[in-house]
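Here's the structure we're looking at; comments come further down.
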Amino acid sequence: MGPAMREARPEDRPFIEEIARLTWGGEDYLAKVFDEWVKDGNFYVLELEGKVVGTAKLTFLPCKVGWLEGLRVHPDYRGRGFGRFIQNFMLDLGKKLAEEGKIEALELATYFLNKESLAMVRKDGFSVMARFFNLGGKVEHFSPEEPGPVELGMEDLTPGIIPLGWKFVHRSEEALEWLRENGEAYEVNGLKFLATRGGATFTPLSTGLGCIRAMLPAMAWVAGEKGREEFDLMLPEGMKPALPGLKKMGLFLWDETEEPNVLVFRKGLVKVV
């Protein structure tokens with residue numbers, strides 16, 4: 001029996017946990033979001049001879065965006081065209097949703113060293129929409145300072161594209177509501193930043209070097225409260241000149257590069273008349 005895509009089911013958990021354990025040195029988040037993704041829907045698995053060997057997820061984001069994430073192939077089944085099989089299925093799903101008026105574009109983010117993914121999405125007509133730096137920090141390097149929770153307003157969303165973890169939304173009233181629902185906003189020293197719910201990836205809403213320096217102790221506090229030893233920051237590519245200063249503050253890039261290491265892609269599905 002050949003490979004087939006189907007919606008993920010709760011009983012697929014052992015397969016998903018195995019794929020996550022064998023991906024990114026066991027650091028893959030797939031097992032952690034499994035229940036949430038099954039409940040949300042549009043979470044698919046590739047089944048071959050009764051075994052789940054791949055996954056992919058489409059998430060609805062504001063501004064009629066279908067966000068692609070979680071494309072995985074079990075290491076034992078790579079190099080056999082299954083990644084392309086999954087990608088084609090998701091592209092067809094995107095076209096169907098566009099025809100139904102539910103989305104107008106597909107978007108995704110990938111790491112700059114993910115060569116296979118980069119080659120595939122470019123071949124499929126995706127183009128780079130934005131570039132970001134994902135920097136890391138260790139909680140122990142900072143003297144934690146407790147921030148206060150704060151309500152987000154449109155005036156806080158100064159960038160055109162706002163990261164929340166590894167999802168990126170376009171500035172709009174709809175995006176503001178989505179960020180309020182899916183993220184946590186904090187304020188320290190009059191400066192605001194976003195955090196993923198339950199996670200430790202932060203988006204500073206003011207990106208000057210001095211502003212980030214003032215927020216880092218608060219970010220370390222939030223990460224520590226969540227039991228994390230490390231945390232991440234998403235910064236726009238315009239921060240490139242500030243990289244030396246950011247590194248002096250104790251931040252680091254996971255792979256040494258002077259270029260943005262997170263690329264955000266978009267493929268429009270609706271023809272503009």
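Within each chain, counting starts at residue 1; across the structure tokens, chains are named A, B, ... in the order shown, with ligands numbered 1 upward in that order.
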Which polymer residues have any atom within 7 Å of an atom of segment 133-148 of chain A, counting only C-alpha atoms, with same-chain residues fewer than 3 positions away left out, as a ChimeraX atom specification?
-> /A:186-188,217-218,220-221,224,229-237,250-254,260-262
Generate a file of the selected residues that holds N, CA, C and O atoms, formatted as an mmCIF file, in the first residue's frame.
```
data_model
loop_
_atom_site.group_PDB
_atom_site.id
_atom_site.type_symbol
_atom_site.label_atom_id
_atom_site.label_comp_id
_atom_site.auth_asym_id
_atom_site.auth_seq_id
_atom_site.Cartn_x
_atom_site.Cartn_y
_atom_site.Cartn_z
ATOM 1 N N TYR A 186 4.304 42.022 28.248
ATOM 2 C CA TYR A 186 4.906 42.499 29.502
ATOM 3 C C TYR A 186 5.472 43.898 29.309
ATOM 4 O O TYR A 186 5.787 44.307 28.182
ATOM 5 N N GLU A 187 5.623 44.591 30.442
ATOM 6 C CA GLU A 187 6.224 45.930 30.410
ATOM 7 C C GLU A 187 7.243 46.059 31.536
ATOM 8 O O GLU A 187 7.003 45.631 32.660
ATOM 9 N N VAL A 188 8.381 46.641 31.220
ATOM 10 C CA VAL A 188 9.404 46.922 32.214
ATOM 11 C C VAL A 188 10.103 48.216 31.813
ATOM 12 O O VAL A 188 10.414 48.436 30.644
ATOM 13 N N PRO A 217 16.789 41.688 31.408
ATOM 14 C CA PRO A 217 16.574 41.114 32.745
ATOM 15 C C PRO A 217 15.128 40.650 32.956
ATOM 16 O O PRO A 217 14.890 39.635 33.619
ATOM 17 N N ALA A 218 14.169 41.385 32.370
ATOM 18 C CA ALA A 218 12.763 40.996 32.506
ATOM 19 C C ALA A 218 12.478 39.738 31.688
ATOM 20 O O ALA A 218 11.720 38.860 32.119
ATOM 21 N N ALA A 220 14.639 37.420 31.054
ATOM 22 C CA ALA A 220 15.266 36.341 31.819
ATOM 23 C C ALA A 220 14.354 35.919 32.971
ATOM 24 O O ALA A 220 14.248 34.723 33.291
ATOM 25 N N TRP A 221 13.693 36.885 33.591
ATOM 26 C CA TRP A 221 12.776 36.561 34.700
ATOM 27 C C TRP A 221 11.619 35.698 34.196
ATOM 28 O O TRP A 221 11.279 34.680 34.800
ATOM 29 N N GLY A 224 12.826 32.233 33.360
ATOM 30 C CA GLY A 224 13.096 31.497 34.591
ATOM 31 C C GLY A 224 11.825 31.023 35.274
ATOM 32 O O GLY A 224 11.763 29.900 35.791
ATOM 33 N N GLU A 229 16.126 27.521 31.060
ATOM 34 C CA GLU A 229 17.493 27.989 31.301
ATOM 35 C C GLU A 229 17.963 28.931 30.203
ATOM 36 O O GLU A 229 18.919 29.685 30.388
ATOM 37 N N GLU A 230 17.280 28.886 29.063
ATOM 38 C CA GLU A 230 17.633 29.746 27.934
ATOM 39 C C GLU A 230 16.368 30.368 27.359
ATOM 40 O O GLU A 230 15.260 29.891 27.597
ATOM 41 N N PHE A 231 16.533 31.435 26.597
ATOM 42 C CA PHE A 231 15.401 32.066 25.924
ATOM 43 C C PHE A 231 15.876 32.593 24.573
ATOM 44 O O PHE A 231 17.074 32.655 24.291
ATOM 45 N N ASP A 232 14.916 32.938 23.718
ATOM 46 C CA ASP A 232 15.209 33.430 22.369
ATOM 47 C C ASP A 232 14.605 34.814 22.167
ATOM 48 O O ASP A 232 13.585 35.156 22.778
ATOM 49 N N LEU A 233 15.217 35.568 21.263
ATOM 50 C CA LEU A 233 14.671 36.846 20.816
ATOM 51 C C LEU A 233 14.525 36.813 19.303
ATOM 52 O O LEU A 233 15.403 36.300 18.604
ATOM 53 N N MET A 234 13.429 37.354 18.802
ATOM 54 C CA MET A 234 13.244 37.555 17.370
ATOM 55 C C MET A 234 13.420 39.052 17.094
ATOM 56 O O MET A 234 12.659 39.876 17.606
ATOM 57 N N LEU A 235 14.410 39.372 16.265
ATOM 58 C CA LEU A 235 14.697 40.764 15.939
ATOM 59 C C LEU A 235 14.719 40.951 14.431
ATOM 60 O O LEU A 235 15.231 40.098 13.702
ATOM 61 N N PRO A 236 14.193 42.075 13.914
ATOM 62 C CA PRO A 236 14.164 42.304 12.473
ATOM 63 C C PRO A 236 15.564 42.463 11.898
ATOM 64 O O PRO A 236 16.522 42.804 12.608
ATOM 65 N N GLU A 237 15.692 42.217 10.581
ATOM 66 C CA GLU A 237 17.002 42.265 9.941
ATOM 67 C C GLU A 237 17.660 43.634 10.039
ATOM 68 O O GLU A 237 18.882 43.753 9.932
ATOM 69 N N GLY A 250 25.561 39.476 26.000
ATOM 70 C CA GLY A 250 25.428 38.076 26.395
ATOM 71 C C GLY A 250 24.528 37.268 25.491
ATOM 72 O O GLY A 250 24.245 36.096 25.775
ATOM 73 N N LEU A 251 24.052 37.880 24.394
ATOM 74 C CA LEU A 251 23.220 37.145 23.442
ATOM 75 C C LEU A 251 24.109 36.450 22.415
ATOM 76 O O LEU A 251 25.259 36.837 22.196
ATOM 77 N N PHE A 252 23.569 35.423 21.777
ATOM 78 C CA PHE A 252 24.373 34.669 20.810
ATOM 79 C C PHE A 252 23.482 34.132 19.697
ATOM 80 O O PHE A 252 22.266 33.995 19.846
ATOM 81 N N LEU A 253 24.094 33.873 18.547
ATOM 82 C CA LEU A 253 23.422 33.226 17.432
ATOM 83 C C LEU A 253 23.739 31.745 17.491
ATOM 84 O O LEU A 253 24.874 31.354 17.761
ATOM 85 N N TRP A 254 22.731 30.909 17.211
ATOM 86 C CA TRP A 254 22.932 29.464 17.326
ATOM 87 C C TRP A 254 23.964 28.965 16.330
ATOM 88 O O TRP A 254 24.716 28.045 16.610
ATOM 89 N N PRO A 260 20.567 37.478 8.595
ATOM 90 C CA PRO A 260 19.372 36.969 9.288
ATOM 91 C C PRO A 260 19.258 35.456 9.136
ATOM 92 O O PRO A 260 19.473 34.916 8.054
ATOM 93 N N ASN A 261 18.921 34.784 10.226
ATOM 94 C CA ASN A 261 18.875 33.321 10.196
ATOM 95 C C ASN A 261 17.463 32.751 10.189
ATOM 96 O O ASN A 261 17.284 31.534 10.228
ATOM 97 N N VAL A 262 16.458 33.622 10.131
ATOM 98 C CA VAL A 262 15.068 33.182 9.981
ATOM 99 C C VAL A 262 14.472 33.879 8.766
ATOM 100 O O VAL A 262 14.487 35.113 8.688
#
```
Do a neighbour search on segment 210-213 of chain A at 8 Å with only C-alpha atoms, toss out local chain neighbours closer than 5 positions, and write the hits as a JSON list (two decimals) with C-alpha atoms, in the first residue's frame.
```
[["chain", "number", "residue", "atom", "x", "y", "z"],
["A", 191, "LEU", "CA", 9.16, 49.17, 27.46],
["A", 204, "PRO", "CA", 10.79, 43.33, 21.81],
["A", 249, "MET", "CA", 25.18, 41.88, 26.24]]
```
List every residue of segment 41-247 of chain A that DSSP, applied to the backbone, labels as alpha helix (DSSP H), and write the result as an NGL selection string.
-> :A and (82-99 or 115-123 or 173-182 or 209-225 or 243-247)
Which is closer to Thr207 of chain A than all the others in A:Met239, A:Val121, A:Leu22, A:Met219, using only C-alpha atoms?
-> A:Met239
Output as a PyMOL selection string all residues of segment 4-221 of chain A that backbone DSSP marks as strand (DSSP E).
-> chain A and resi 4-7+43-48+51-61+65-73+105-111+127-138+148-149+161-164+167-170+183-188+191-196+201-204
Exercise: Phe89 of chain A partners within 9 Å, only C-alpha atoms, chain neighbours under 5 positions left out, as a list in words = Met5, Arg84 and Gly94 of chain A
In Å and to one decimal, atom CA of His74 of chain A is distant from atom CA of Gly54 of chain A by 6.0 Å
Straight-line distance linking atom CA of Arg122 of chain A with atom CA of Glu107 of chain A, stated in Å to one decimal |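 Separation between atom CA of Arg122 of chain A and atom CA of Glu107 of chain A: 12.1 Å.
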Pick from A:Lys192, A:His170, A:Arg228, A:Lys96: nearest to Asp156 of chain A, with only C-alpha atoms counted?
->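 Among A:Lys192, A:His170, A:Arg228, A:Lys96, it is A:Lys192 that comes nearest to Asp156 of chain A.
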Could you pull the residues within 9 Å of Tyr111 of chain A, counting only C-alpha atoms, minus those fewer than 2 positions along the same chain, as a list in words?
->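 Residues meeting the cut-off are Ala109, Leu113, Asn114, Lys115, Ser117, Leu118, Asn261, Val262 and Leu263 of chain A.
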Selection file, N, CA and C atoms, as a tab-separated table (two decimals), in the first residue's frame:
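Now in part-v2.tsv:
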```tsv
chain	number	residue	atom	x	y	z
A	109	ALA	N	7.86	30.01	7.87
A	109	ALA	CA	9.19	30.47	8.27
A	109	ALA	C	10.12	29.28	8.35
A	113	LEU	N	19.65	27.57	7.48
A	113	LEU	CA	20.47	26.42	7.11
A	113	LEU	C	19.64	25.23	6.63
A	114	ASN	N	18.32	25.39	6.62
A	114	ASN	CA	17.45	24.30	6.18
A	114	ASN	C	17.40	24.31	4.64
A	115	LYS	N	18.45	23.82	4.03
A	115	LYS	CA	18.62	23.94	2.58
A	115	LYS	C	17.53	23.23	1.80
A	117	SER	N	14.40	22.64	2.68
A	117	SER	CA	13.16	23.40	2.77
A	117	SER	C	13.25	24.66	1.92
A	118	LEU	N	14.38	25.35	1.97
A	118	LEU	CA	14.56	26.57	1.19
A	118	LEU	C	14.43	26.31	-0.30
A	261	ASN	N	18.92	34.78	10.23
A	261	ASN	CA	18.87	33.32	10.20
A	261	ASN	C	17.46	32.75	10.19
A	262	VAL	N	16.46	33.62	10.13
A	262	VAL	CA	15.07	33.18	9.98
A	262	VAL	C	14.47	33.88	8.77
A	263	LEU	N	13.98	33.10	7.82
A	263	LEU	CA	13.40	33.64	6.59
A	263	LEU	C	11.90	33.36	6.58
```
Return the single residue from A:Glu69, A:Glu100, A:Lys39, A:Asp28 that is closest to Val270 of chain A, with distances computed using only C-alpha atoms.
-> A:Glu100
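You will find atom CA of Arg266 of chain A at 17.9 Å from atom CA of Ile86 of chain A.
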Could you tell me which of A:Gly83, A:Pro149, A:Gly70, A:Pro241 comes closest to Gly190 of chain A if we count only C-alpha atoms?
->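 Looking only at the distances to Gly190 of chain A, the closest residue turns out to be A:Pro149.
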Spatial neighbours of Gly199 of chain A, max dist 10 Å, only C-alpha atoms, sep filter under 5 positions, as a VMD selection string | chain A and resid 165 183 to 184 222 to 223 226 to 228 231 to 232
For those residues, write C-alpha atoms to a file as a short mmCIF file (atom, residue, chain, number, x, y, z; two decimals), in the first residue's frame.
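Okay, this is what ended up in part28.cif:
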```
data_model
loop_
_atom_site.label_atom_id
_atom_site.label_comp_id
_atom_site.auth_asym_id
_atom_site.auth_seq_id
_atom_site.Cartn_x
_atom_site.Cartn_y
_atom_site.Cartn_z
CA GLY A 165 7.50 32.69 18.46
CA GLY A 183 0.67 35.69 23.42
CA GLU A 184 1.64 37.39 26.66
CA VAL A 222 9.88 35.36 32.52
CA ALA A 223 11.96 32.50 31.11
CA LYS A 226 8.68 29.06 33.07
CA GLY A 227 11.50 26.77 34.13
CA ARG A 228 13.73 27.62 31.18
CA PHE A 231 15.40 32.07 25.92
CA ASP A 232 15.21 33.43 22.37
#
```
Extract, using only C-alpha atoms, all DNA, RNA and protein residues at most 12 Å from Lys167 of chain A, discarding same-chain residues fewer than 6 positions from it, and format them as a ChimeraX atom specification.
-> /A:58-62,65-70,107-110,130,132,161,175,178-179,182-183,195-196,201-203,234,262-265
Leaving out Glu49 of chain A and any residue of its chain fewer than 6 positions from it, which residues lie within 9 Å of it when counting only C-alpha atoms, given as number ranges by chain?
-> A: 1-3
Go ahead and save the picked residues with all heavy atoms, as a compact mmCIF listing (two decimals), in the first residue's frame.
```
# COMPACT_ATOMS: atom_id res chain seq x y z
N MET A 1 0.85 -1.20 0.00
CA MET A 1 0.00 0.00 0.00
C MET A 1 0.88 1.25 0.00
O MET A 1 1.82 1.34 0.79
CB MET A 1 -0.91 -0.01 1.23
CG MET A 1 -1.96 1.09 1.21
SD MET A 1 -3.11 0.90 2.60
CE MET A 1 -4.15 2.32 2.33
N GLY A 2 0.59 2.19 -0.88
CA GLY A 2 1.42 3.38 -1.02
C GLY A 2 1.17 4.40 0.07
O GLY A 2 0.26 4.26 0.90
N PRO A 3 1.96 5.48 0.07
CA PRO A 3 1.81 6.54 1.08
C PRO A 3 0.49 7.28 0.90
O PRO A 3 0.01 7.46 -0.22
CB PRO A 3 3.01 7.44 0.81
CG PRO A 3 3.34 7.23 -0.63
CD PRO A 3 3.03 5.79 -0.90
```
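Of the listed residues A:Gly81, A:Pro75, A:Gly245, A:Pro159, the one whose atoms come nearest to Ile19 of chain A is A:Pro75, with distances taken using only C-alpha atoms.
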